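J.: Would you mind keeping the following structure in view while I ask a few things?
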Amino acid sequence: MKYPYFPGCTLYTKAKKLDDAGRECSRRLGFELDELPDWTCCGATFPLVNDYHIAMSGPTRILADTKDQGGSQLVTLCSVCFNVLKRTNVVMRTDEERRQKITDFIERDYHGEVEVLHYLQVLRDEIGFEQLREKVVKPLTDLKVACYYGCLLLRPVKEIGLDVMENPTIFEDFVRALGAEPVDFPYKIECCGAFQVVHSMETATRCSRDILANARLNGADLVITTCPLCHFNLDDRQPEIRKGDPRFQTVPVLYFTQLLALALGLDAAELGFERNLIDPLPLLREKGLA
Amino acid sequence: MGEVTELKGQQPACQTDDGAGATCACAAAGGLEDLYSVPVDRRVMVIGGGICGITAAIDLGNADYRVVMVERLPSVGGRMLQLSETFPTLDCAQCTLTPRTVESGQHPHVTLKTCCEVVGLSGEPGNFRVRVRQNKTYVDWSKCTGCGTCIQKCPTKSYALFERDAGRMTAIYTLSPQAVPNKPVIDADRCRYLTKGKCGVCAKVCPVDAIDYEQQESYFEVEVGAIIVATGFDVYDWKTKMPELGGGRLPDVIDGLTFERYLSASGPTAGRMVRPSDGVEPKEIVFIQCAGSRNPELHKSYCSKVCCMYTAKHARLYKHKVHDGQVYIFYIDIRSTGKGYEQFIQQSVSEEGIIYLRGRAAKVFQEGKKIMVQGADTLTGKKIEIAADLVVVAAALVPNEGAEELAEILGLTCNKDGFFVEEDYKLSPVDSGSRGIFIAGCCQGIKDIADTVAQGSAAASKAQVFLSTIRRQKKQAV
């Protein structure tokens, strides 16, 4: 099975390991991520103003390109890209007036025909978690994982529809398929501080601290996420959090594809952990996974 | 169901029996002799044996009409039977209700048909033929004396719907010590004999051999001139629909009706204030109002009307039991528009030291032994986190289970929330729009006990008006 794939900017830079591991795992699971040629930035935020059509022209062009290449689905790994593309697609499907304006502007014919999928959905709905379990070569036994969803993977639920908004379980089901144990994690859908980190570092630090402390409180060994921005905040803020509170126990933060790669037998040394501020390798060695 | 469509068209039906029914085959159903001692235009069926139905039945009985009251549960009393005390006077619910249930049971003109459900309707307004299913009770009530030995000896004690998980009930049970009728039934899902084929204790100890494990459900038909529907309400399924409130995963997050069972002197804890998880007295308690109500995006768009008052009542009853306890109430705004209601709220704040926080609770989760409640106080603009011992959710109230099926059978209309639609909200609030069928109480829209009772009486009165019109028309026709 071959899926048109939209990596997005961050996956070429800061979140390269999310992309690398995702691609490698897809090969091992028997599907192919076929990167769109000449893709552009998705816009990085879905415009919240109704008539800000220019911001939707980028994602619409990406979707129209997918359609023109004969793709009926488009897979993303990054929560932000997923959110922007999926919501733009909803507008293109349902709002005739806005669709007209945008397609006139970019001179393309697109009516929302493509289905935007997150990589997790491919695992759940196309591969199936049970089948995934069978393909695991190194079960992540004894590993307690806090599944951090953040906001953009789920909300707004009526447009995204990936999982239940207030108590999603797709991530936990995924983790169980890998043989690890998801911990109870009430802060799994709290905000990480997102873009606040740019102008109010303190806010992002506080948000990340609450999330990580709650993960630790519930016995998590590590936190996984799908979102480069969440990963950035949760990982990067930890030295700062520690400065403010010496008792704070650091927690390694991994991309879900890295965890998947470990379970599918990839060597930990190939997964780019040297980019993590909080090094997960000591933990993985302790658990016999590296 | 062919009969139903026939009725919806309001065509003249095949049944035209209008005589005194001593000759009517329906009388064979048993216990309906009094009903059939008068012509059909003097008989009324009341569906639902809550305080609304009881009120209507007693009113009609006193006016010399003959009433058959059909109730799904084993005894009458309805939701009010589950309540502890009632606002705004803090009267004991059982103490005010029991005289009415007893009266309905002993009234010479009211016949109770409990464990029964309406399954079909034919005939025409003024001469309905209602098909009723008698569900299995596994006890032959014609033999049973209500001695209660079976209940005392039953070895199964498990969680039961009536106690709302607040406590256990035996598998053979009555809903209350003052149950009307005071005859037990067996819960087939929990009974050891009926699930595993072993036990049979109740059959052994019954002095009159009334236990009948082989009992089958049966059907009978009743001919009545008018029908009053008073099927009441249920609690919104917040446990599955509102995961942000712990979604039923946290034992110490309960709904208001469950809290009533904890407060009730005849409840499973005999009114002792404890929390479900460990039986410890909660010292900090958080109430969350409008849980599922007034939320058109995700849940119910309407206001459930009684929650502001019952939450204030809960808070006060809790304070009467736990003097050093602290109460927090998350609210959107307080709707206390009944006689004496606003004063009740004011007293709760000024005299009982209850803290009202204006805002919605966003998230409820377990942290150690505490239940953490995060929300906003929109008056100070601050985010709040409270470490509580117990959280009580004032969940939205919805029409009782099966209301839509009943609407189908009777030819009534439901609104999008499942409440029966009245002919005119202001001027004909208890007329259903189908002639001869009246609606009253919470099945028409959520309301408090006072309004419910008023509607029960109104429906009884409208049924009499309808039937006397029918009689007059018949006379003129002759």
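Numbering starts fresh at 1 for the residues of each chain in the structure tokens, the chains themselves are lettered A, B, ... in the order given, and ligands are numbered from 1 as they appear.
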Residues near Lys370 of chain B, anyone? I mean within 7 Å using only C-alpha atoms, not counting same-chain ones fewer than 5 positions away, as a PDB file with C-alpha atoms, in the first residue's frame.
T.:
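Below is the file that was written, around_14.pdb:
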ATOM      1  CA  ALA B 387      -8.409  18.645  46.040  1.00  0.00           C
ATOM      2  CA  ALA B 388     -11.718  17.062  46.984  1.00  0.00           C
ATOM      3  CA  ASP B 389     -12.721  13.861  48.730  1.00  0.00           C
TER       4      ASP B 389
END
J.: Near chain A, meaning an atom within 8 Å, which residues of chain B appear when counting only C-alpha atoms? Write them as JSON, numbers by chain.
T.: {"B": [242, 243, 244, 365, 366]}
J.: Pick out each residue of segment 178-278 of chain A that DSSP on the backbone tags as alpha helix (DSSP H); I need them as an MDAnalysis selection string.
T.: chainID A and resid 196:199 201:217 228:236 238:244 256:263
J.: For each of A:Ala261, A:Leu36, A:Val223, A:Leu178, take the minimum atom-to-atom distance to Leu132 of chain A, counting only C-alpha atoms, then give the residue where this is smallest.
T.: A:Leu178
J.: Applying 9 Å and only C-alpha atoms, which residues near segment 212-227 of chain B remain after dropping the ones on its own chain fewer than 3 positions away? List them as a VMD selection string.
T.: chain B and resid 17 25 to 29 32 35 to 36 39 to 47 67 to 68 120 123 to 140 186 193 to 194 200 203 209 435 to 439 463 to 464 466 to 467 470
J.: Keeping only C-alpha atoms, write the selected residues to a file as a PDB file, in the first residue's frame.
T.:
ATOM      1  CA  ASP B  17     -67.786  -1.820  23.359  1.00  0.00           C
ATOM      2  CA  ALA B  25     -63.319 -10.441  28.048  1.00  0.00           C
ATOM      3  CA  CYS B  26     -60.715  -8.046  29.406  1.00  0.00           C
ATOM      4  CA  ALA B  27     -61.948  -8.474  32.902  1.00  0.00           C
ATOM      5  CA  ALA B  28     -60.340 -11.867  32.762  1.00  0.00           C
ATOM      6  CA  ALA B  29     -56.989 -10.160  33.306  1.00  0.00           C
ATOM      7  CA  LEU B  32     -59.667  -5.361  37.165  1.00  0.00           C
ATOM      8  CA  LEU B  35     -62.328  -1.024  36.734  1.00  0.00           C
ATOM      9  CA  TYR B  36     -64.970  -2.830  34.719  1.00  0.00           C
ATOM     10  CA  PRO B  39     -68.623   2.128  31.516  1.00  0.00           C
ATOM     11  CA  VAL B  40     -65.475   2.689  29.509  1.00  0.00           C
ATOM     12  CA  ASP B  41     -65.951   6.468  29.566  1.00  0.00           C
ATOM     13  CA  ARG B  42     -65.360   6.401  33.301  1.00  0.00           C
ATOM     14  CA  ARG B  43     -62.083   4.474  33.170  1.00  0.00           C
ATOM     15  CA  VAL B  44     -58.619   5.984  32.862  1.00  0.00           C
ATOM     16  CA  MET B  45     -55.212   4.404  32.509  1.00  0.00           C
ATOM     17  CA  VAL B  46     -52.235   6.128  34.111  1.00  0.00           C
ATOM     18  CA  ILE B  47     -48.848   5.069  32.717  1.00  0.00           C
ATOM     19  CA  VAL B  67     -58.139   4.019  37.346  1.00  0.00           C
ATOM     20  CA  VAL B  68     -55.613   1.399  36.342  1.00  0.00           C
ATOM     21  CA  GLY B 120     -49.830  -1.744  22.147  1.00  0.00           C
ATOM     22  CA  GLY B 123     -59.386   1.701  19.557  1.00  0.00           C
ATOM     23  CA  GLU B 124     -60.264   5.339  19.517  1.00  0.00           C
ATOM     24  CA  PRO B 125     -60.275   8.304  21.893  1.00  0.00           C
ATOM     25  CA  GLY B 126     -62.855   7.551  24.564  1.00  0.00           C
ATOM     26  CA  ASN B 127     -62.573   3.844  23.921  1.00  0.00           C
ATOM     27  CA  PHE B 128     -58.968   2.741  23.908  1.00  0.00           C
ATOM     28  CA  ARG B 129     -57.835  -0.830  24.095  1.00  0.00           C
ATOM     29  CA  VAL B 130     -54.388  -0.959  25.664  1.00  0.00           C
ATOM     30  CA  ARG B 131     -52.204  -4.027  25.494  1.00  0.00           C
ATOM     31  CA  VAL B 132     -50.012  -4.505  28.535  1.00  0.00           C
ATOM     32  CA  ARG B 133     -47.154  -6.879  29.178  1.00  0.00           C
ATOM     33  CA  GLN B 134     -46.882  -8.309  32.667  1.00  0.00           C
ATOM     34  CA  ASN B 135     -43.143  -8.829  33.137  1.00  0.00           C
ATOM     35  CA  LYS B 136     -41.759 -11.727  35.099  1.00  0.00           C
ATOM     36  CA  THR B 137     -41.576 -11.251  38.867  1.00  0.00           C
ATOM     37  CA  TYR B 138     -40.802 -14.903  39.659  1.00  0.00           C
ATOM     38  CA  VAL B 139     -43.126 -14.557  42.636  1.00  0.00           C
ATOM     39  CA  ASP B 140     -46.782 -15.488  42.552  1.00  0.00           C
ATOM     40  CA  ILE B 186     -36.512 -11.501  41.775  1.00  0.00           C
ATOM     41  CA  TYR B 193     -30.779 -19.805  40.930  1.00  0.00           C
ATOM     42  CA  LEU B 194     -31.762 -18.088  37.700  1.00  0.00           C
ATOM     43  CA  GLY B 200     -33.276 -21.813  45.613  1.00  0.00           C
ATOM     44  CA  ALA B 203     -38.316 -21.078  47.375  1.00  0.00           C
ATOM     45  CA  ASP B 209     -44.859 -21.570  47.994  1.00  0.00           C
ATOM     46  CA  ARG B 435     -57.245  13.262  21.802  1.00  0.00           C
ATOM     47  CA  GLY B 436     -57.830  11.397  25.012  1.00  0.00           C
ATOM     48  CA  ILE B 437     -54.135  11.068  25.825  1.00  0.00           C
ATOM     49  CA  PHE B 438     -52.586  13.439  28.326  1.00  0.00           C
ATOM     50  CA  ILE B 439     -48.991  13.981  29.391  1.00  0.00           C
ATOM     51  CA  ALA B 463     -59.080  13.599  31.417  1.00  0.00           C
ATOM     52  CA  GLN B 464     -62.378  14.134  33.243  1.00  0.00           C
ATOM     53  CA  PHE B 466     -62.511  14.882  27.969  1.00  0.00           C
ATOM     54  CA  LEU B 467     -64.541  11.912  29.181  1.00  0.00           C
ATOM     55  CA  ILE B 470     -67.497  11.993  25.248  1.00  0.00           C
TER      56      ILE B 470
END
J.: List the spatial neighbours of Cys147 of chain B as a list in words - criterion: any atom at most 12 Å away, only C-alpha atoms, same-chain residues fewer than 2 positions off excluded.
T.: Trp141, Lys143, Cys144, Thr145, Thr149, Cys150, Ile151, Gln152, Lys153, Tyr173, Thr174, Pro177, Asn182, Lys183, Pro184, Cys202, Val205, Cys206, Pro207, Val208 and Ala210 of chain B
J.: Next, write the just-selected residues to a file, as an mmCIF file, in the first residue's frame, keeping N, CA and C atoms as the atom set.
T.:
data_model
loop_
_atom_site.group_PDB
_atom_site.id
_atom_site.type_symbol
_atom_site.label_atom_id
_atom_site.label_comp_id
_atom_site.auth_asym_id
_atom_site.auth_seq_id
_atom_site.Cartn_x
_atom_site.Cartn_y
_atom_site.Cartn_z
ATOM 1 N N TRP B 141 -47.743 -13.368 43.131
ATOM 2 C CA TRP B 141 -48.231 -12.364 44.082
ATOM 3 C C TRP B 141 -49.615 -12.703 44.649
ATOM 4 N N LYS B 143 -50.299 -15.485 45.861
ATOM 5 C CA LYS B 143 -50.040 -16.290 47.063
ATOM 6 C C LYS B 143 -49.253 -15.500 48.096
ATOM 7 N N CYS B 144 -48.331 -14.647 47.638
ATOM 8 C CA CYS B 144 -47.386 -13.974 48.534
ATOM 9 C C CYS B 144 -48.110 -13.123 49.568
ATOM 10 N N THR B 145 -47.634 -13.241 50.809
ATOM 11 C CA THR B 145 -48.242 -12.442 51.873
ATOM 12 C C THR B 145 -47.388 -11.229 52.208
ATOM 13 N N THR B 149 -39.611 -12.960 54.465
ATOM 14 C CA THR B 149 -38.643 -13.983 54.857
ATOM 15 C C THR B 149 -37.630 -14.248 53.737
ATOM 16 N N CYS B 150 -38.138 -14.290 52.511
ATOM 17 C CA CYS B 150 -37.263 -14.565 51.366
ATOM 18 C C CYS B 150 -36.167 -13.508 51.268
ATOM 19 N N ILE B 151 -36.531 -12.248 51.518
ATOM 20 C CA ILE B 151 -35.560 -11.161 51.406
ATOM 21 C C ILE B 151 -34.498 -11.314 52.496
ATOM 22 N N GLN B 152 -34.952 -11.655 53.699
ATOM 23 C CA GLN B 152 -33.993 -11.830 54.805
ATOM 24 C C GLN B 152 -33.011 -12.956 54.527
ATOM 25 N N LYS B 153 -33.480 -14.014 53.879
ATOM 26 C CA LYS B 153 -32.633 -15.199 53.724
ATOM 27 C C LYS B 153 -31.840 -15.207 52.420
ATOM 28 N N TYR B 173 -36.228 -8.801 46.204
ATOM 29 C CA TYR B 173 -36.259 -7.516 46.903
ATOM 30 C C TYR B 173 -37.585 -6.796 46.717
ATOM 31 N N THR B 174 -37.790 -5.816 47.594
ATOM 32 C CA THR B 174 -38.779 -4.776 47.334
ATOM 33 C C THR B 174 -37.990 -3.477 47.285
ATOM 34 N N PRO B 177 -38.853 -0.508 52.271
ATOM 35 C CA PRO B 177 -39.590 -1.239 53.305
ATOM 36 C C PRO B 177 -41.089 -0.919 53.277
ATOM 37 N N ASN B 182 -46.468 -4.321 48.594
ATOM 38 C CA ASN B 182 -45.353 -4.846 49.373
ATOM 39 C C ASN B 182 -45.094 -6.313 49.035
ATOM 40 N N LYS B 183 -44.810 -6.548 47.745
ATOM 41 C CA LYS B 183 -44.541 -7.913 47.291
ATOM 42 C C LYS B 183 -43.174 -7.914 46.619
ATOM 43 N N PRO B 184 -42.360 -8.903 46.917
ATOM 44 C CA PRO B 184 -41.011 -8.910 46.340
ATOM 45 C C PRO B 184 -40.986 -9.418 44.900
ATOM 46 N N CYS B 202 -34.928 -18.897 48.525
ATOM 47 C CA CYS B 202 -36.216 -18.218 48.715
ATOM 48 C C CYS B 202 -37.380 -19.195 48.563
ATOM 49 N N VAL B 205 -37.648 -21.228 51.778
ATOM 50 C CA VAL B 205 -38.141 -20.586 53.006
ATOM 51 C C VAL B 205 -39.540 -20.001 52.853
ATOM 52 N N CYS B 206 -40.036 -19.869 51.631
ATOM 53 C CA CYS B 206 -41.353 -19.237 51.457
ATOM 54 C C CYS B 206 -42.439 -20.121 52.067
ATOM 55 N N PRO B 207 -43.187 -19.590 53.052
ATOM 56 C CA PRO B 207 -44.182 -20.424 53.736
ATOM 57 C C PRO B 207 -45.404 -20.720 52.875
ATOM 58 N N VAL B 208 -45.589 -19.965 51.773
ATOM 59 C CA VAL B 208 -46.809 -20.186 50.986
ATOM 60 C C VAL B 208 -46.505 -20.648 49.559
ATOM 61 N N ALA B 210 -44.790 -19.339 47.113
ATOM 62 C CA ALA B 210 -45.107 -18.308 46.116
ATOM 63 C C ALA B 210 -44.008 -18.136 45.072
#
J.: Could you check which of A:Gly112, A:Gly179, A:Gly244, A:Gly150 is closest to Thr205 of chain A, using only C-alpha atoms?
T.: A:Gly244
J.: Give me every strand (DSSP E) residue in segment 126-329 of chain B, going by DSSP on the backbone, as a PyMOL selection string.
T.: chain B and resi 127-134+157-159+168-170+172-173+185-186+218-224+226-229+233-235+253-255+284-291+326-329
J.: Selected residues, N, CA and C atoms, written as a short mmCIF file (atom, residue, chain, number, x, y, z; two decimals), in the first residue's frame, please.
T.:
data_model
loop_
_atom_site.label_atom_id
_atom_site.label_comp_id
_atom_site.auth_asym_id
_atom_site.auth_seq_id
_atom_site.Cartn_x
_atom_site.Cartn_y
_atom_site.Cartn_z
N ASN B 127 -62.40 5.30 23.88
CA ASN B 127 -62.57 3.84 23.92
C ASN B 127 -61.29 3.17 23.45
N PHE B 128 -60.26 3.32 24.26
CA PHE B 128 -58.97 2.74 23.91
C PHE B 128 -58.89 1.30 24.38
N ARG B 129 -58.15 0.52 23.64
CA ARG B 129 -57.84 -0.83 24.10
C ARG B 129 -56.32 -0.89 24.20
N VAL B 130 -55.83 -1.03 25.42
CA VAL B 130 -54.39 -0.96 25.66
C VAL B 130 -53.86 -2.36 25.96
N ARG B 131 -52.81 -2.71 25.26
CA ARG B 131 -52.20 -4.03 25.49
C ARG B 131 -51.03 -3.84 26.45
N VAL B 132 -51.00 -4.66 27.48
CA VAL B 132 -50.01 -4.51 28.53
C VAL B 132 -49.25 -5.82 28.71
N ARG B 133 -47.95 -5.69 28.89
CA ARG B 133 -47.15 -6.88 29.18
C ARG B 133 -46.88 -6.94 30.67
N GLN B 134 -47.22 -8.07 31.26
CA GLN B 134 -46.88 -8.31 32.67
C GLN B 134 -45.51 -8.99 32.69
N LYS B 157 -26.10 -10.54 47.67
CA LYS B 157 -26.21 -9.10 47.90
C LYS B 157 -25.29 -8.44 46.88
N SER B 158 -25.87 -7.73 45.94
CA SER B 158 -25.02 -7.11 44.93
C SER B 158 -25.59 -5.76 44.53
N TYR B 159 -24.78 -5.03 43.74
CA TYR B 159 -25.17 -3.68 43.36
C TYR B 159 -26.41 -3.69 42.49
N ARG B 168 -25.78 -2.32 48.19
CA ARG B 168 -26.18 -3.62 47.66
C ARG B 168 -27.63 -3.93 48.02
N MET B 169 -28.21 -4.76 47.20
CA MET B 169 -29.57 -5.23 47.47
C MET B 169 -29.58 -6.73 47.26
N THR B 170 -30.48 -7.39 47.96
CA THR B 170 -30.63 -8.82 47.73
C THR B 170 -31.23 -9.04 46.35
N ILE B 172 -33.71 -11.01 45.61
CA ILE B 172 -35.17 -10.91 45.73
C ILE B 172 -35.41 -9.72 46.64
N TYR B 173 -36.23 -8.80 46.20
CA TYR B 173 -36.26 -7.52 46.90
C TYR B 173 -37.58 -6.80 46.72
N VAL B 185 -39.90 -9.09 44.22
CA VAL B 185 -39.63 -9.66 42.89
C VAL B 185 -38.19 -10.16 42.88
N ILE B 186 -37.88 -11.00 41.90
CA ILE B 186 -36.51 -11.50 41.78
C ILE B 186 -35.85 -10.81 40.58
N SER B 218 -46.68 -12.42 30.67
CA SER B 218 -48.01 -12.60 30.12
C SER B 218 -48.52 -11.26 29.59
N TYR B 219 -49.59 -11.32 28.87
CA TYR B 219 -50.15 -10.10 28.29
C TYR B 219 -51.62 -9.99 28.66
N PHE B 220 -52.08 -8.79 28.83
CA PHE B 220 -53.53 -8.59 28.97
C PHE B 220 -53.92 -7.27 28.33
N GLU B 221 -55.22 -7.12 28.13
CA GLU B 221 -55.69 -5.89 27.50
C GLU B 221 -56.67 -5.19 28.41
N VAL B 222 -56.64 -3.89 28.37
CA VAL B 222 -57.52 -3.09 29.21
C VAL B 222 -58.23 -2.09 28.32
N GLU B 223 -59.53 -1.90 28.57
CA GLU B 223 -60.26 -0.88 27.82
C GLU B 223 -60.51 0.32 28.70
N VAL B 224 -60.04 1.45 28.26
CA VAL B 224 -60.18 2.68 29.04
C VAL B 224 -60.61 3.81 28.10
N ALA B 226 -59.57 7.13 28.59
CA ALA B 226 -58.50 8.12 28.45
C ALA B 226 -57.21 7.56 29.04
N ILE B 227 -56.11 8.17 28.64
CA ILE B 227 -54.79 7.71 29.11
C ILE B 227 -53.98 8.91 29.58
N ILE B 228 -53.35 8.76 30.73
CA ILE B 228 -52.43 9.80 31.20
C ILE B 228 -51.02 9.20 31.21
N VAL B 229 -50.11 9.87 30.54
CA VAL B 229 -48.73 9.38 30.46
C VAL B 229 -47.87 10.20 31.41
N PHE B 233 -38.40 10.71 34.31
CA PHE B 233 -37.08 11.07 33.78
C PHE B 233 -36.03 10.06 34.19
N ASP B 234 -34.86 10.23 33.60
CA ASP B 234 -33.68 9.46 33.99
C ASP B 234 -32.51 10.44 34.03
N VAL B 235 -31.35 9.94 34.46
CA VAL B 235 -30.16 10.80 34.52
C VAL B 235 -29.37 10.61 33.23
N VAL B 253 -16.52 10.00 42.12
CA VAL B 253 -17.27 11.00 41.36
C VAL B 253 -18.63 10.38 41.07
N ILE B 254 -19.68 10.94 41.69
CA ILE B 254 -21.01 10.33 41.58
C ILE B 254 -22.01 11.38 41.11
N ASP B 255 -23.18 10.94 40.70
CA ASP B 255 -24.17 11.93 40.29
C ASP B 255 -25.14 12.24 41.44
N GLU B 284 -13.98 17.45 52.13
CA GLU B 284 -14.10 18.49 51.11
C GLU B 284 -14.88 17.91 49.95
N ILE B 285 -15.90 18.63 49.57
CA ILE B 285 -16.80 18.07 48.57
C ILE B 285 -17.10 19.14 47.52
N VAL B 286 -17.05 18.72 46.28
CA VAL B 286 -17.27 19.66 45.18
C VAL B 286 -18.52 19.23 44.41
N PHE B 287 -19.39 20.19 44.18
CA PHE B 287 -20.57 19.94 43.34
C PHE B 287 -20.37 20.63 41.99
N ILE B 288 -20.72 19.94 40.95
CA ILE B 288 -20.58 20.52 39.61
C ILE B 288 -21.97 20.59 38.98
N GLN B 289 -22.46 21.81 38.83
CA GLN B 289 -23.79 21.99 38.24
C GLN B 289 -23.71 22.01 36.72
N CYS B 290 -24.86 21.89 36.09
CA CYS B 290 -24.99 21.98 34.63
C CYS B 290 -24.08 20.98 33.91
N ALA B 291 -23.90 19.81 34.47
CA ALA B 291 -23.07 18.80 33.81
C ALA B 291 -23.89 18.14 32.70
N GLN B 326 -16.24 21.15 54.07
CA GLN B 326 -16.28 22.34 53.22
C GLN B 326 -16.90 21.98 51.87
N VAL B 327 -17.82 22.83 51.45
CA VAL B 327 -18.53 22.59 50.21
C VAL B 327 -18.18 23.66 49.18
N TYR B 328 -17.88 23.22 47.96
CA TYR B 328 -17.69 24.14 46.83
C TYR B 328 -18.71 23.76 45.76
N ILE B 329 -19.32 24.76 45.17
CA ILE B 329 -20.28 24.50 44.10
C ILE B 329 -19.89 25.28 42.85
#
J.: Measuring between only C-alpha atoms, which one of B:Val38, B:Cys95, B:Leu357, B:Ala56 shows the shortest distance to Gly381 of chain B?
T.: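 Checking each of B:Val38, B:Cys95, B:Leu357, B:Ala56 against Gly381 of chain B, counting only C-alpha atoms, the winner is B:Leu357.
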J.: Applying 9 Å and only C-alpha atoms, which residues near Arg316 of chain B remain after dropping the ones on its own chain fewer than 2 positions away? List them as JSON, numbers by chain.
T.: {"B": [311, 312, 313, 314, 318, 319, 320, 321, 327, 348, 352, 354]}
J.: Go ahead and dump the residues you just picked, N, CA and C atoms, as a compact mmCIF listing (two decimals), in the first residue's frame.
T.:
# COMPACT_ATOMS: atom_id res chain seq x y z
N THR B 311 -28.84 20.87 44.26
CA THR B 311 -27.44 20.95 44.66
C THR B 311 -27.31 21.77 45.95
N ALA B 312 -28.05 22.87 46.02
CA ALA B 312 -28.04 23.65 47.27
C ALA B 312 -28.54 22.79 48.42
N LYS B 313 -29.56 22.01 48.15
CA LYS B 313 -30.11 21.11 49.17
C LYS B 313 -29.07 20.06 49.58
N HIS B 314 -28.41 19.46 48.58
CA HIS B 314 -27.36 18.48 48.87
C HIS B 314 -26.30 19.09 49.76
N TYR B 318 -25.47 17.85 53.46
CA TYR B 318 -24.11 17.39 53.76
C TYR B 318 -23.56 18.13 54.97
N LYS B 319 -23.75 19.47 54.98
CA LYS B 319 -23.25 20.26 56.11
C LYS B 319 -23.94 19.87 57.42
N HIS B 320 -25.18 19.45 57.34
CA HIS B 320 -25.87 19.01 58.56
C HIS B 320 -25.27 17.72 59.10
N LYS B 321 -24.67 16.94 58.20
CA LYS B 321 -24.08 15.67 58.63
C LYS B 321 -22.60 15.82 58.96
N VAL B 327 -17.82 22.83 51.45
CA VAL B 327 -18.53 22.59 50.21
C VAL B 327 -18.18 23.66 49.18
N SER B 348 -28.30 29.17 52.16
CA SER B 348 -27.19 28.22 51.97
C SER B 348 -25.86 28.96 51.97
N GLU B 352 -24.81 28.66 55.89
CA GLU B 352 -24.15 27.36 55.91
C GLU B 352 -22.71 27.43 55.42
N ILE B 354 -21.45 27.82 52.45
CA ILE B 354 -21.18 27.10 51.21
C ILE B 354 -20.57 28.06 50.20
